[in-house]
Structure formats: structure tokens, C-alpha cells
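Here is input31.txt, consisting of compact mmCIF, C-alpha atoms and all ligand atoms:
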# COMPACT_ATOMS: atom_id res chain seq x y z
CA MET H 20 -93.33 -161.24 -97.36
CA VAL H 21 -89.63 -162.11 -97.19
CA ILE H 22 -87.70 -161.52 -100.41
CA VAL H 23 -84.61 -163.56 -101.23
CA PHE H 24 -82.45 -162.35 -104.08
CA CYS H 25 -81.17 -165.46 -105.89
CA GLU H 26 -77.91 -164.85 -107.68
CA GLN H 27 -77.25 -166.35 -111.10
CA ARG H 28 -74.30 -166.07 -113.39
CA GLU H 29 -74.60 -166.93 -117.09
CA GLY H 30 -77.77 -168.93 -116.57
CA THR H 31 -76.51 -170.93 -113.58
CA LEU H 32 -77.94 -170.42 -110.13
CA LYS H 33 -75.27 -169.84 -107.50
CA LYS H 34 -75.32 -172.53 -104.81
CA VAL H 35 -75.18 -169.85 -102.12
CA SER H 36 -78.70 -168.83 -103.14
CA PHE H 37 -80.05 -171.97 -101.45
CA GLU H 38 -78.44 -170.83 -98.18
CA ALA H 39 -80.10 -167.43 -98.58
CA LEU H 40 -83.42 -169.18 -99.27
CA LEU H 41 -83.10 -171.24 -96.08
CA ALA H 42 -82.40 -168.10 -94.04
CA GLY H 43 -85.34 -166.38 -95.72
CA TYR H 44 -87.54 -169.38 -94.97
CA LYS H 45 -86.65 -169.20 -91.28
CA ILE H 46 -87.81 -165.59 -91.14
CA ALA H 47 -90.92 -166.27 -93.25
CA GLU H 48 -91.92 -169.12 -90.92
CA LYS H 49 -91.47 -166.92 -87.86
CA LYS H 50 -93.46 -164.06 -89.38
CA GLN H 51 -95.98 -166.51 -90.88
CA ASP H 52 -95.48 -164.83 -94.19
CA GLU H 53 -94.80 -165.58 -97.82
CA LEU H 54 -91.31 -166.51 -99.06
CA THR H 55 -90.56 -164.92 -102.41
CA ALA H 56 -87.44 -165.43 -104.48
CA VAL H 57 -86.34 -162.85 -107.03
CA VAL H 58 -84.20 -163.69 -110.06
CA LEU H 59 -82.95 -161.05 -112.47
CA GLY H 60 -81.20 -161.60 -115.79
CA LYS H 61 -81.74 -162.78 -119.33
CA ASP H 62 -83.19 -166.22 -120.22
CA ILE H 63 -83.69 -167.22 -116.59
CA SER H 64 -86.82 -169.39 -116.80
CA SER H 65 -85.00 -172.65 -116.00
CA ILE H 66 -83.47 -171.05 -112.91
CA ALA H 67 -86.92 -169.95 -111.74
CA ARG H 68 -88.18 -173.53 -112.15
CA GLU H 69 -85.23 -174.82 -110.11
CA ILE H 70 -86.10 -172.43 -107.27
CA VAL H 71 -89.82 -173.30 -107.31
CA LYS H 72 -88.82 -176.95 -107.00
CA PHE H 73 -86.76 -176.06 -103.93
CA GLY H 74 -90.00 -174.91 -102.29
CA VAL H 75 -90.88 -171.22 -102.15
CA ASN H 76 -94.27 -169.49 -102.41
CA LYS H 77 -93.33 -167.36 -105.37
CA VAL H 78 -90.48 -166.66 -107.75
CA ILE H 79 -90.57 -163.22 -109.31
CA THR H 80 -88.50 -163.09 -112.48
CA VAL H 81 -87.48 -160.02 -114.40
CA ASP H 82 -86.19 -161.41 -117.68
CA ASP H 83 -84.74 -158.51 -119.59
CA PRO H 84 -81.69 -158.00 -121.85
CA ALA H 85 -80.91 -154.87 -119.79
CA LEU H 86 -80.30 -157.19 -116.82
CA GLU H 87 -78.09 -159.72 -118.58
CA PHE H 88 -75.06 -158.42 -116.71
CA TYR H 89 -75.06 -157.12 -113.16
CA THR H 90 -74.88 -153.41 -112.53
CA PRO H 91 -75.77 -151.86 -109.15
CA ASP H 92 -77.78 -149.33 -111.12
CA GLY H 93 -79.99 -151.85 -112.98
CA TYR H 94 -80.37 -154.54 -110.33
CA GLY H 95 -80.66 -151.92 -107.56
CA SER H 96 -83.48 -150.11 -109.34
CA VAL H 97 -85.50 -153.30 -109.98
CA LEU H 98 -85.06 -154.65 -106.44
CA GLU H 99 -85.96 -151.25 -104.99
CA LYS H 100 -89.20 -151.19 -107.00
CA LEU H 101 -90.09 -154.71 -105.86
CA ALA H 102 -89.33 -153.89 -102.22
CA ARG H 103 -91.38 -150.69 -102.33
CA GLU H 104 -94.30 -152.54 -103.92
CA HIS H 105 -94.33 -155.63 -101.67
CA LYS H 106 -93.08 -154.08 -98.40
CA PRO H 107 -91.23 -157.21 -97.21
CA HIS H 108 -90.03 -157.81 -93.66
CA ALA H 109 -86.57 -158.48 -95.02
CA VAL H 110 -84.58 -158.75 -98.23
CA ILE H 111 -81.88 -161.43 -98.02
CA LEU H 112 -78.86 -161.64 -100.30
CA SER H 113 -75.67 -163.70 -100.25
CA ALA H 114 -72.57 -161.77 -99.22
CA THR H 115 -70.74 -162.59 -102.45
CA ALA H 116 -68.89 -159.79 -104.26
CA LEU H 117 -72.09 -159.05 -106.21
CA GLY H 118 -74.38 -159.53 -103.21
CA LYS H 119 -72.36 -157.22 -100.95
CA ASP H 120 -72.47 -154.50 -103.58
CA LEU H 121 -76.16 -154.92 -104.27
CA ALA H 122 -77.13 -155.14 -100.58
CA ALA H 123 -75.43 -151.82 -99.84
CA THR H 124 -76.98 -150.20 -102.93
CA LEU H 125 -80.44 -151.45 -102.04
CA ALA H 126 -80.26 -150.42 -98.38
CA ALA H 127 -79.15 -146.93 -99.44
CA ARG H 128 -81.93 -146.66 -102.05
CA LEU H 129 -84.54 -147.76 -99.50
CA GLU H 130 -82.94 -145.68 -96.73
CA THR H 131 -83.09 -148.69 -94.45
CA VAL H 132 -80.83 -150.78 -92.21
CA LEU H 133 -78.24 -153.13 -93.70
CA LEU H 134 -77.01 -156.10 -91.64
CA PRO H 135 -73.98 -157.17 -93.68
CA ASP H 136 -72.03 -160.41 -93.83
CA CYS H 137 -74.12 -162.27 -91.24
CA THR H 138 -73.28 -165.80 -90.16
CA ALA H 139 -76.51 -166.69 -88.33
CA ILE H 140 -80.12 -165.53 -88.10
CA ASP H 141 -82.23 -165.86 -84.97
CA PHE H 142 -85.00 -164.02 -83.12
CA ASP H 143 -85.47 -162.24 -79.80
CA GLU H 144 -88.46 -162.74 -77.49
CA GLU H 145 -90.53 -160.21 -79.45
CA GLY H 146 -89.82 -162.04 -82.68
CA ASN H 147 -87.40 -159.44 -84.05
CA VAL H 148 -84.64 -160.73 -86.29
CA VAL H 149 -81.31 -160.99 -84.45
CA ALA H 150 -78.33 -161.49 -86.74
CA THR H 151 -74.81 -162.57 -85.82
CA ARG H 152 -71.88 -161.00 -87.62
CA PRO H 153 -68.14 -161.26 -87.07
CA ILE H 154 -66.43 -157.95 -86.27
CA TYR H 155 -62.83 -156.77 -85.67
CA ALA H 156 -61.53 -159.15 -88.33
CA GLY H 157 -63.38 -162.08 -86.77
CA LYS H 158 -62.06 -161.55 -83.22
CA ALA H 159 -65.59 -160.99 -81.88
CA LEU H 160 -69.15 -161.84 -82.85
CA ALA H 161 -71.76 -159.09 -82.68
CA THR H 162 -75.46 -159.81 -82.38
CA VAL H 163 -77.40 -157.05 -84.07
CA LYS H 164 -81.06 -156.19 -84.49
CA ALA H 165 -83.16 -153.28 -85.68
CA PRO H 166 -86.63 -153.67 -84.11
CA GLY H 167 -89.44 -152.16 -86.12
CA VAL H 168 -87.35 -151.49 -89.23
CA MET H 169 -88.84 -152.75 -92.50
CA PRO H 170 -87.40 -153.97 -94.71
CA LEU H 171 -84.16 -155.15 -93.19
CA VAL H 172 -81.54 -155.79 -95.83
CA ILE H 173 -79.42 -158.77 -94.76
CA SER H 174 -76.42 -160.25 -96.54
CA LEU H 175 -75.36 -163.75 -95.54
CA ARG H 176 -71.79 -164.94 -95.52
CA PRO H 177 -71.45 -167.85 -97.98
CA ARG H 178 -71.35 -171.32 -96.40
CA ALA H 179 -72.10 -169.96 -92.93
CA VAL H 180 -75.63 -171.32 -92.53
CA GLY H 181 -75.42 -174.38 -94.79
CA ALA H 182 -77.85 -175.36 -97.54
CA GLN H 183 -79.19 -178.72 -96.45
CA GLY H 184 -82.73 -179.74 -97.22
CA GLU H 185 -85.60 -178.43 -99.26
CA LEU H 186 -88.46 -176.17 -98.28
CA ASN H 187 -92.06 -177.25 -98.15
CA ARG H 188 -93.91 -174.46 -99.89
CA ASN H 189 -95.70 -174.78 -103.19
CA GLY H 190 -94.86 -172.00 -105.49
CA GLN H 191 -95.52 -170.28 -108.76
CA ILE H 192 -93.44 -168.21 -111.12
CA VAL H 193 -94.52 -164.64 -111.72
CA ALA H 194 -92.89 -162.71 -114.55
CA ALA H 195 -92.65 -159.01 -113.73
CA GLN H 196 -92.14 -156.40 -116.44
CA LEU H 197 -89.77 -154.03 -114.76
CA THR H 198 -87.34 -152.77 -117.34
CA PRO H 199 -85.02 -150.51 -115.40
CA GLU H 200 -85.19 -146.98 -116.76
CA ASP H 201 -82.55 -144.29 -117.11
CA LEU H 202 -79.66 -146.68 -116.58
CA ARG H 203 -76.43 -144.81 -116.15
CA MET H 204 -74.26 -147.95 -116.15
CA LYS H 205 -73.85 -150.34 -119.03
CA VAL H 206 -71.47 -153.29 -119.24
CA ALA H 207 -69.41 -152.80 -122.38
CA GLU H 208 -67.28 -155.93 -122.19
CA ILE H 209 -66.44 -158.73 -119.81
CA VAL H 210 -62.89 -160.02 -119.94
CA LYS H 211 -62.61 -163.36 -118.19
CA THR H 212 -59.60 -164.88 -116.53
CA VAL H 213 -59.29 -168.42 -117.76
CA THR H 214 -59.40 -170.71 -114.75
CA LYS H 215 -60.00 -174.41 -114.68
CA THR H 216 -60.44 -174.65 -110.92
CA VAL H 217 -63.61 -174.49 -108.84
CA GLU H 218 -64.91 -171.07 -107.65
CA LEU H 219 -63.19 -170.23 -104.35
CA THR H 220 -66.17 -169.29 -102.19
CA GLU H 221 -68.29 -172.23 -103.37
CA ALA H 222 -65.62 -174.92 -103.17
CA ASP H 223 -65.90 -177.73 -100.66
CA ILE H 224 -62.11 -177.99 -100.51
CA VAL H 225 -59.67 -175.07 -100.78
CA ILE H 226 -55.87 -175.41 -101.05
CA SER H 227 -54.05 -172.12 -100.54
CA GLY H 228 -50.42 -171.28 -101.10
CA GLY H 229 -48.47 -168.49 -99.45
CA ARG H 230 -45.02 -166.95 -99.67
CA GLY H 231 -43.60 -170.40 -98.96
CA MET H 232 -44.55 -171.37 -102.55
CA LYS H 233 -41.46 -169.36 -103.57
CA GLY H 234 -42.77 -168.42 -107.03
CA PRO H 235 -45.80 -168.46 -109.37
CA GLU H 236 -44.63 -171.54 -111.28
CA ASN H 237 -44.90 -173.70 -108.14
CA TYR H 238 -48.67 -173.24 -107.91
CA ALA H 239 -48.80 -176.03 -110.50
CA LEU H 240 -48.16 -178.36 -107.53
CA LEU H 241 -51.32 -177.11 -105.81
CA GLU H 242 -53.33 -177.19 -109.04
CA GLU H 243 -52.35 -180.81 -109.59
CA LEU H 244 -53.55 -181.76 -106.11
CA ALA H 245 -56.67 -179.61 -106.61
CA ALA H 246 -57.53 -181.46 -109.82
CA VAL H 247 -57.42 -184.80 -107.96
CA ILE H 248 -59.61 -183.77 -105.02
CA ASN H 249 -61.80 -181.24 -106.87
CA ALA H 250 -60.57 -178.25 -104.90
CA ALA H 251 -60.20 -174.54 -105.55
CA VAL H 252 -56.76 -172.93 -105.25
CA GLY H 253 -56.40 -169.84 -103.08
CA ALA H 254 -53.49 -167.68 -101.98
CA SER H 255 -52.28 -165.48 -99.15
CA ARG H 256 -51.88 -161.77 -99.69
CA ALA H 257 -48.10 -162.12 -99.71
CA ALA H 258 -48.41 -164.34 -102.79
CA VAL H 259 -50.90 -161.97 -104.42
CA ASP H 260 -48.79 -158.88 -103.65
CA ALA H 261 -45.78 -160.65 -105.18
CA GLY H 262 -47.83 -160.99 -108.38
CA TRP H 263 -47.88 -164.80 -108.23
CA ARG H 264 -51.68 -165.08 -108.13
CA ASP H 265 -54.54 -162.81 -109.13
CA HIS H 266 -56.31 -160.90 -106.36
CA GLN H 267 -59.54 -162.84 -107.01
CA PHE H 268 -57.84 -165.84 -105.38
CA GLN H 269 -56.77 -164.04 -102.19
CA VAL H 270 -58.16 -165.41 -98.93
CA GLY H 271 -58.41 -163.11 -95.93
CA GLN H 272 -59.47 -159.78 -94.58
CA THR H 273 -58.89 -157.95 -97.85
CA GLY H 274 -59.65 -160.99 -99.98
CA LYS H 275 -62.38 -163.61 -99.93
CA VAL H 276 -63.87 -165.32 -96.90
CA VAL H 277 -64.16 -169.08 -97.35
CA ALA H 278 -65.58 -171.80 -95.11
CA PRO H 279 -64.98 -175.09 -96.93
CA SER H 280 -65.15 -178.56 -95.39
CA LEU H 281 -61.39 -178.80 -95.83
CA TYR H 282 -58.80 -175.98 -96.02
CA ILE H 283 -55.18 -176.88 -96.74
CA ALA H 284 -52.72 -174.04 -96.05
CA CYS H 285 -49.34 -174.52 -97.74
CA GLY H 286 -46.43 -172.26 -96.82
CA ILE H 287 -48.69 -169.78 -95.03
CA SER H 288 -47.58 -168.42 -91.65
CA GLY H 289 -51.09 -167.73 -90.30
CA ALA H 290 -51.27 -163.96 -89.89
CA ILE H 291 -54.58 -162.82 -88.35
CA GLN H 292 -55.57 -161.12 -91.62
CA HIS H 293 -55.31 -164.50 -93.37
CA LEU H 294 -56.99 -166.47 -90.57
CA VAL H 295 -60.07 -164.28 -90.66
CA GLY H 296 -60.71 -165.48 -94.21
CA MET H 297 -60.60 -169.22 -93.46
CA ILE H 298 -61.05 -169.74 -89.72
CA ASN H 299 -64.59 -171.08 -90.17
CA SER H 300 -63.40 -173.97 -92.35
CA LYS H 301 -64.63 -177.28 -90.92
CA CYS H 302 -61.18 -178.90 -91.01
CA ILE H 303 -57.87 -177.04 -91.36
CA VAL H 304 -54.66 -178.73 -92.46
CA ALA H 305 -51.42 -176.74 -92.35
CA ILE H 306 -48.17 -177.62 -94.10
CA ASN H 307 -45.27 -175.48 -92.92
CA LYS H 308 -41.60 -176.13 -92.30
CA ASP H 309 -41.60 -173.87 -89.23
CA PRO H 310 -43.04 -175.79 -86.23
CA GLU H 311 -43.67 -172.44 -84.48
CA ALA H 312 -45.79 -171.03 -87.33
CA ASN H 313 -49.00 -169.43 -86.08
CA ILE H 314 -51.11 -171.41 -88.56
CA PHE H 315 -50.57 -174.53 -86.42
CA LYS H 316 -52.53 -172.86 -83.59
CA VAL H 317 -55.72 -173.05 -85.64
CA ALA H 318 -54.97 -176.24 -87.58
CA ASP H 319 -56.80 -179.50 -86.88
CA TYR H 320 -53.91 -181.36 -88.53
CA GLY H 321 -50.41 -179.96 -88.88
CA ILE H 322 -47.64 -181.28 -91.10
CA VAL H 323 -44.22 -179.87 -90.21
CA GLY H 324 -42.25 -180.27 -93.41
CA ASP H 325 -41.23 -178.94 -96.77
CA LEU H 326 -44.33 -178.40 -98.88
CA PHE H 327 -42.35 -179.27 -102.02
CA GLN H 328 -42.07 -182.80 -100.65
CA VAL H 329 -45.38 -183.07 -98.80
CA VAL H 330 -47.77 -181.78 -101.51
CA PRO H 331 -46.63 -184.21 -104.26
CA LEU H 332 -46.90 -187.07 -101.73
CA LEU H 333 -50.46 -186.03 -100.88
CA THR H 334 -51.32 -185.84 -104.59
CA GLU H 335 -50.00 -189.37 -105.15
CA GLU H 336 -51.88 -190.76 -102.14
CA PHE H 337 -55.17 -189.12 -103.14
CA LYS H 338 -54.73 -190.46 -106.68
CA LYS H 339 -54.32 -193.97 -105.25
CA ILE H 340 -57.42 -193.57 -103.07
CA LYS H 341 -59.42 -192.35 -106.08
CA GLN H 342 -58.30 -195.25 -108.20
CA GLY H 343 -59.47 -197.55 -105.41
C1 LIG P 401 -54.72 -154.30 -93.57
C2 LIG P 401 -54.12 -155.64 -93.93
C3 LIG P 401 -54.90 -156.53 -94.63
C4 LIG P 401 -54.36 -157.79 -94.97
N1 LIG P 401 -55.16 -158.68 -95.65
C5 LIG P 401 -54.68 -159.92 -95.89
C6 LIG P 401 -55.49 -160.92 -96.53
O1 LIG P 401 -56.63 -160.65 -96.94
N2 LIG P 401 -54.97 -162.14 -96.72
C7 LIG P 401 -53.71 -162.50 -96.31
O2 LIG P 401 -53.30 -163.65 -96.52
N3 LIG P 401 -52.93 -161.57 -95.72
C8 LIG P 401 -53.37 -160.31 -95.52
N4 LIG P 401 -52.54 -159.38 -94.95
C9 LIG P 401 -51.10 -159.71 -94.81
C10 LIG P 401 -50.78 -160.54 -93.60
O3 LIG P 401 -50.53 -159.70 -92.49
C11 LIG P 401 -49.49 -161.36 -93.87
O4 LIG P 401 -48.45 -160.50 -94.23
C12 LIG P 401 -49.66 -162.41 -94.97
O5 LIG P 401 -50.80 -163.19 -94.74
C13 LIG P 401 -48.44 -163.32 -94.99
O6 LIG P 401 -48.55 -164.24 -96.04
P1 LIG P 401 -47.83 -165.64 -95.97
O7 LIG P 401 -48.29 -166.37 -94.77
O8 LIG P 401 -48.00 -166.28 -97.30
O9 LIG P 401 -46.29 -165.21 -95.87
P2 LIG P 401 -45.27 -165.33 -94.65
O10 LIG P 401 -45.81 -164.71 -93.43
O11 LIG P 401 -43.96 -164.85 -95.17
O12 LIG P 401 -45.19 -166.91 -94.38
C14 LIG P 401 -44.61 -167.81 -95.26
C15 LIG P 401 -44.62 -169.15 -94.55
O13 LIG P 401 -44.16 -170.14 -95.45
C16 LIG P 401 -43.39 -171.07 -94.70
N5 LIG P 401 -42.52 -171.76 -95.65
C17 LIG P 401 -41.51 -171.25 -96.38
N6 LIG P 401 -40.99 -172.18 -97.19
C18 LIG P 401 -41.69 -173.32 -96.97
C19 LIG P 401 -41.62 -174.62 -97.51
N7 LIG P 401 -40.72 -174.97 -98.44
N8 LIG P 401 -42.48 -175.57 -97.04
C20 LIG P 401 -43.39 -175.27 -96.08
N9 LIG P 401 -43.49 -174.02 -95.53
C21 LIG P 401 -42.66 -173.07 -95.99
C22 LIG P 401 -42.64 -170.23 -93.68
O14 LIG P 401 -42.25 -171.02 -92.57
C23 LIG P 401 -43.70 -169.21 -93.33
O15 LIG P 401 -44.46 -169.61 -92.20
C24 LIG P 401 -53.04 -158.13 -94.60
C25 LIG P 401 -52.28 -157.20 -93.89
C26 LIG P 401 -52.81 -155.99 -93.57
C27 LIG P 401 -51.98 -155.02 -92.78

Reformat the file's structure so that it appears as C-alpha cells.
Amino acid sequence: MVIVFCEQREGTLKKVSFEALLAGYKIAEKKQDELTAVVLGKDISSIAREIVKFGVNKVITVDDPALEFYTPDGYGSVLEKLAREHKPHAVILSATALGKDLAATLAARLETVLLPDCTAIDFDEEGNVVATRPIYAGKALATVKAPGVMPLVISLRPRAVGAQGELNRNGQIVAAQLTPEDLRMKVAEIVKTVTKTVELTEADIVISGGRGMKGPENYALLEELAAVINAAVGASRAAVDAGWRDHQFQVGQTGKVVAPSLYIACGISGAIQHLVGMINSKCIVAINKDPEANIFKVADYGIVGDLFQVVPLLTEEFKKIKQG
């Protein structure tokens, strides 16, 4: 069996789960084994149906009020029990904030190998899983394997493998009664930041602003453009450290890693710690008034100019295109 942990938040399946399912399917095909998805939470039956439709052999659900909110304690204990019972070849998770935390917890609980933040899955001649993962802040790619280790815990970098297509397995939903016992962690309250923009790591277009934005009030320019082209708004660490944007929007080594179809960097110089968070974007556009800025070395399209003039022009042009 190959287990894929499918992440949901407030009753909505995260898109990255389909990427994890595709990676899991690749391993299941190679090992000629069953592909099983696992969903944990409260009131998750519609999510389970969505995953069965995608094409897996089995969806194991643990529908329990104790699992309504993620805790490494609760989710870790349930996944550990499932892994010990089913002895899978691998457990695959998405390397989201939750997935990274859970993958490490699970690997520690199972005393097994964790291959974190992988960008590709392949096999060697003996059929062992060989994973690719960026190291040294993305300067090199390591290929890693752990022959004979079961289960491997693998976390997959969002948007690295893509989520095209459906799988061809006919599945069923199995409800497991696995109330986690002796939970030491309980979520008392969730305080949400109100944000109207798309989630950064799932967005198809990301517009980020750096120190060149000059102040928090000017992010309204980026938000206006984002609203027109359905983008998420990110930031460099300089902008986050200045208190202009919340850390959840930071792109880079100590922020989030994104790989959208289009990344627009506004007033960002292109320090390596920023590049590592967006270098895998399909198309990079940089707007900077300094023609020597490092960001132009990685940009597919560069606009040398003042972002306070260029961004409003782009917004107007995209509006016109949208209106036909
Ligand atoms: C351990 C470590 C981890 C780090 N992690 C991260 C990380 O996760 N993410 C991250 O981003 N950084 C990270 N950094 C910081 C990184 O090294 C840089 O300091 C940071 O990315 C710089 O941000 P910036 O490009 O916005 O600012 P700057 O380097 O100051 O660049 C501002 C740019 O704006 C341009 N500009 C100014 N005005 C305008 C205008 N009107 N129109 C157009 N362009 C204009 C300038 O020409 C300049 O190129 C990390 C550093 C360390 C040491």
C-alpha cells in the first residue's frame, strides 16, 4: 500500500493533495500496490467522495471532532496507527506548513526515514524510490533514496510535480474509528487574519513587493492588480521585517516557497534568499528601477522603471484585456 495524506482546511480539500495523490500513484503503480488516501477532520464525507472520484483504491476517513483542527499530536497519532496497521511502502504528504510539521512528527513516531520537500519522484534499477530535493537554498539538487526502508515518509513541495489528470482506480470509502487518545494538545482558538487574496502557495499568479514599495500603504497598488488577474500578493523579507506585511506572505528561504505560472517581483533586488522561494516559477517578470538588479538575471521579462508608474499601467491594461 501507498498512503497519501490529503490535507483539508475547513471542509475544503487543498489542491496540493492532488499532486501528492499523483506522486503516490506513481509509486503504487511501480510497486503494483494499492493507493490509499487518508483524510482526517470533522464532517469530511464530501471530501472523501471527491478523492474517490479522482481515482484511488481506498479513502480512509477518520471523522472525529477531536480532529477538527490540526495538531501534530492528534493527526500524528492517527497516521502512526494507520501506518503501523497497513505497513505501507510510503506515506506521502504535501510540504505545506501543516504537511512539513506532520511529516516530521510521523517519521519520528515511526522511527523511519523522512525525505522532505521533494520536487520529483523516480526509481532506481532495483525499483527503489529516488527523490529529488533542492539543497543549499536551491543551489544544488540532491537525489536521495533509502533502499529497504519502509515506510518512507515523503513530503512534496507544492506545485513541483503538477496535478494534471485523474487516476484510473476504482475506490471505496472506509470510515475508521480511531479517536486519538491522551491528546496533550488542544486548539483553544483560531484567530484569522482577514485576507481577500488567494492563498500564496496555491496561487497560479503571485505578485510580490519588496523594499521598493516604500511603505505598507503602497501594497494597495499590488492588491488592485492582484484583484484583476486573480493573483496572491507576496513580499520580500525586507518588507516583512519592516512590518509592512505579515510573515505569512513572505517568499523565500525563511518564508514560503512558491512556483506559480507567473511571478511578478516589484521593487525586489533578487537576493539569493528570495530567489530560492520563487525560482521555480514558470515565468518571472521583474519590475525594478535599477537595471543592474540581480532579479533581472533570473527574470524572463524585465521592466526597468519605477514600479509606481509601471504597476498602475499594468492594472489598466489587464482590466482592458478582461473587458475584451
Ligand atoms: C538567513 C537569511 C534568510 C533570509 N530569508 C529571506 C526570505 O525568506 N525572503 C527574502 O525575501 N529575503 C530573505 N533574506 C533577506 C535577503 O538577503 C534580502 O535582504 C532581502 O530579500 C531584500 O529584500 P528586497 O529585495 O525587498 O530589498 P532590497 O534588497 O533593498 O531591494 C529593493 C529593490 O527595490 C528597488 N526599487 C526601489 N524603489 C523602486 C521603485 N520605485 N520602482 C522599482 N524598483 C524600486 C531597488 O532598486 C532595489 O533593487 C534572508 C536573509 C538571510 C541572511

(request) Determine, counting all atoms listed in the file, which protein, DNA and RNA residues have an atom within 8 Å of an atom of segment 154-166 of chain H; residues of the same chain fewer than 3 positions away are not included. Present the result as a list in words. (result)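 My reading of the contact set: Val132, Leu134, Asn147, Val148, Val149, Ala150, Thr151, Leu171, Gln272, Ile291, Gln292 and Val295 of chain H.
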
Calculate, to one decimal in Å, the centre and edge lengths of the box along x, y and z of the file that holds all listed atoms of ligand LIG 401 (chain P) with 8 Å of margin on each side, and present them as JSON.
{"center_x": -48.7, "center_y": -164.9, "center_z": -95.3, "size_x": 31.9, "size_y": 37.3, "size_z": 22.2}

(request) Using all atoms listed in the file, find each residue with an atom at most 6 Å away from ligand LIG 401 (chain P) and format the answer as a PyMOL selection string. (result) chain H and resi 229-231+255-258+270-274+286-290+292-293+306-309+312+324-327

(request) Find the spatial neighbours of Leu117 of chain H, counting all atoms listed in the file, within a cut-off of 9 Å - ignore same-chain residues fewer than 2 positions away - and output them as a ChimeraX atom specification. (result) /H:26,89-91,113-115,119-122

Would you output that residue set with C-alpha atoms, as a PDB file, keeping the file's coordinate frame?
ATOM      1  CA  GLU H  26     -77.910-164.850-107.680  1.00  0.00           C
ATOM      2  CA  TYR H  89     -75.060-157.120-113.160  1.00  0.00           C
ATOM      3  CA  THR H  90     -74.880-153.410-112.530  1.00  0.00           C
ATOM      4  CA  PRO H  91     -75.770-151.860-109.150  1.00  0.00           C
ATOM      5  CA  SER H 113     -75.670-163.700-100.250  1.00  0.00           C
ATOM      6  CA  ALA H 114     -72.570-161.770 -99.220  1.00  0.00           C
ATOM      7  CA  THR H 115     -70.740-162.590-102.450  1.00  0.00           C
ATOM      8  CA  LYS H 119     -72.360-157.220-100.950  1.00  0.00           C
ATOM      9  CA  ASP H 120     -72.470-154.500-103.580  1.00  0.00           C
ATOM     10  CA  LEU H 121     -76.160-154.920-104.270  1.00  0.00           C
ATOM     11  CA  ALA H 122     -77.130-155.140-100.580  1.00  0.00           C
TER      12      ALA H 122
END

As a short mmCIF file (atom, residue, chain, number, x, y, z; two decimals) with C-alpha atoms, keeping the file's coordinate frame, please: the residues near Phe88 of chain H (cut-off 10 Å, all atoms listed in the file, same-chain neighbours under 6 positions excluded).
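File produced: out-v7.cif:
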data_model
loop_
_atom_site.label_atom_id
_atom_site.label_comp_id
_atom_site.auth_asym_id
_atom_site.auth_seq_id
_atom_site.Cartn_x
_atom_site.Cartn_y
_atom_site.Cartn_z
CA GLN H 27 -77.25 -166.35 -111.10
CA ARG H 28 -74.30 -166.07 -113.39
CA GLU H 29 -74.60 -166.93 -117.09
CA LEU H 59 -82.95 -161.05 -112.47
CA GLY H 60 -81.20 -161.60 -115.79
CA LYS H 61 -81.74 -162.78 -119.33
CA TYR H 94 -80.37 -154.54 -110.33
CA LYS H 205 -73.85 -150.34 -119.03
CA VAL H 206 -71.47 -153.29 -119.24
CA ALA H 207 -69.41 -152.80 -122.38
CA GLU H 208 -67.28 -155.93 -122.19
CA ILE H 209 -66.44 -158.73 -119.81
#

Counting all atoms listed in the file, write as a tab-separated table (two decimals) with C-alpha atoms, in the coordinates of the input all protein and nucleic acid residues lying at most 6 Å from (-70.6, -163.9, -96.3) in the file's frame.
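See selection_38.tsv below for the written result:
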chain	number	residue	atom	x	y	z
H	114	ALA	CA	-72.57	-161.77	-99.22
H	136	ASP	CA	-72.03	-160.41	-93.83
H	175	LEU	CA	-75.36	-163.75	-95.54
H	176	ARG	CA	-71.79	-164.94	-95.52
H	177	PRO	CA	-71.45	-167.85	-97.98

(message) Env of Ala245 of chain H: 12 Å cut, atoms = only C-alpha atoms, seq-sep filter 4 positions within chain, self excluded. Answer as a ChimeraX atom specification.
(response) /H:215-219,222-228,238-241,249-253,281-283,330-331,333-335,337-338

Output of the above residues as a short mmCIF file (atom, residue, chain, number, x, y, z; two decimals), in the frame of the given file, restricted to C-alpha atoms:
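Dumped to out15.cif:
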data_model
loop_
_atom_site.label_atom_id
_atom_site.label_comp_id
_atom_site.auth_asym_id
_atom_site.auth_seq_id
_atom_site.Cartn_x
_atom_site.Cartn_y
_atom_site.Cartn_z
CA LYS H 215 -60.00 -174.41 -114.68
CA THR H 216 -60.44 -174.65 -110.92
CA VAL H 217 -63.61 -174.49 -108.84
CA GLU H 218 -64.91 -171.07 -107.65
CA LEU H 219 -63.19 -170.23 -104.35
CA ALA H 222 -65.62 -174.92 -103.17
CA ASP H 223 -65.90 -177.73 -100.66
CA ILE H 224 -62.11 -177.99 -100.51
CA VAL H 225 -59.67 -175.07 -100.78
CA ILE H 226 -55.87 -175.41 -101.05
CA SER H 227 -54.05 -172.12 -100.54
CA GLY H 228 -50.42 -171.28 -101.10
CA TYR H 238 -48.67 -173.24 -107.91
CA ALA H 239 -48.80 -176.03 -110.50
CA LEU H 240 -48.16 -178.36 -107.53
CA LEU H 241 -51.32 -177.11 -105.81
CA ASN H 249 -61.80 -181.24 -106.87
CA ALA H 250 -60.57 -178.25 -104.90
CA ALA H 251 -60.20 -174.54 -105.55
CA VAL H 252 -56.76 -172.93 -105.25
CA GLY H 253 -56.40 -169.84 -103.08
CA LEU H 281 -61.39 -178.80 -95.83
CA TYR H 282 -58.80 -175.98 -96.02
CA ILE H 283 -55.18 -176.88 -96.74
CA VAL H 330 -47.77 -181.78 -101.51
CA PRO H 331 -46.63 -184.21 -104.26
CA LEU H 333 -50.46 -186.03 -100.88
CA THR H 334 -51.32 -185.84 -104.59
CA GLU H 335 -50.00 -189.37 -105.15
CA PHE H 337 -55.17 -189.12 -103.14
CA LYS H 338 -54.73 -190.46 -106.68
#

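Comparing the minimum interatomic distances between Pro84 of chain H and each of H:Ala305, H:Leu244, H:Ala109, H:Leu197, counting only C-alpha atoms, we find that H:Leu197 sits nearest.
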
(request) Please determine the residues with any atom at most 10 Å from (-99.0, -164.0, -106.0) (coordinates as given in the file, with only C-alpha atoms counting) and report them as a ChimeraX atom specification. (result) /H:53,55,76-79,190-193

(message) Using all atoms listed in the file, can you tell me which of H:Ser280, H:Asn313, H:Thr198, H:Thr124 comes closest to Arg178 of chain H?
(response)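 Answer, going by the shortest atom-to-atom distance: H:Ser280.
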
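Distance check against Ile298 of chain H using only C-alpha atoms: of H:Met232, H:Val259, H:Ala67, H:Ala179, the minimum falls on H:Ala179.
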
(request) Would you work out the distance separating atom CA of Cys137 of chain H from atom CA of Arg152 of chain H, expressed in Å to one decimal? (result)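 Going from atom CA of Cys137 of chain H over to atom CA of Arg152 of chain H covers 4.4 Å.
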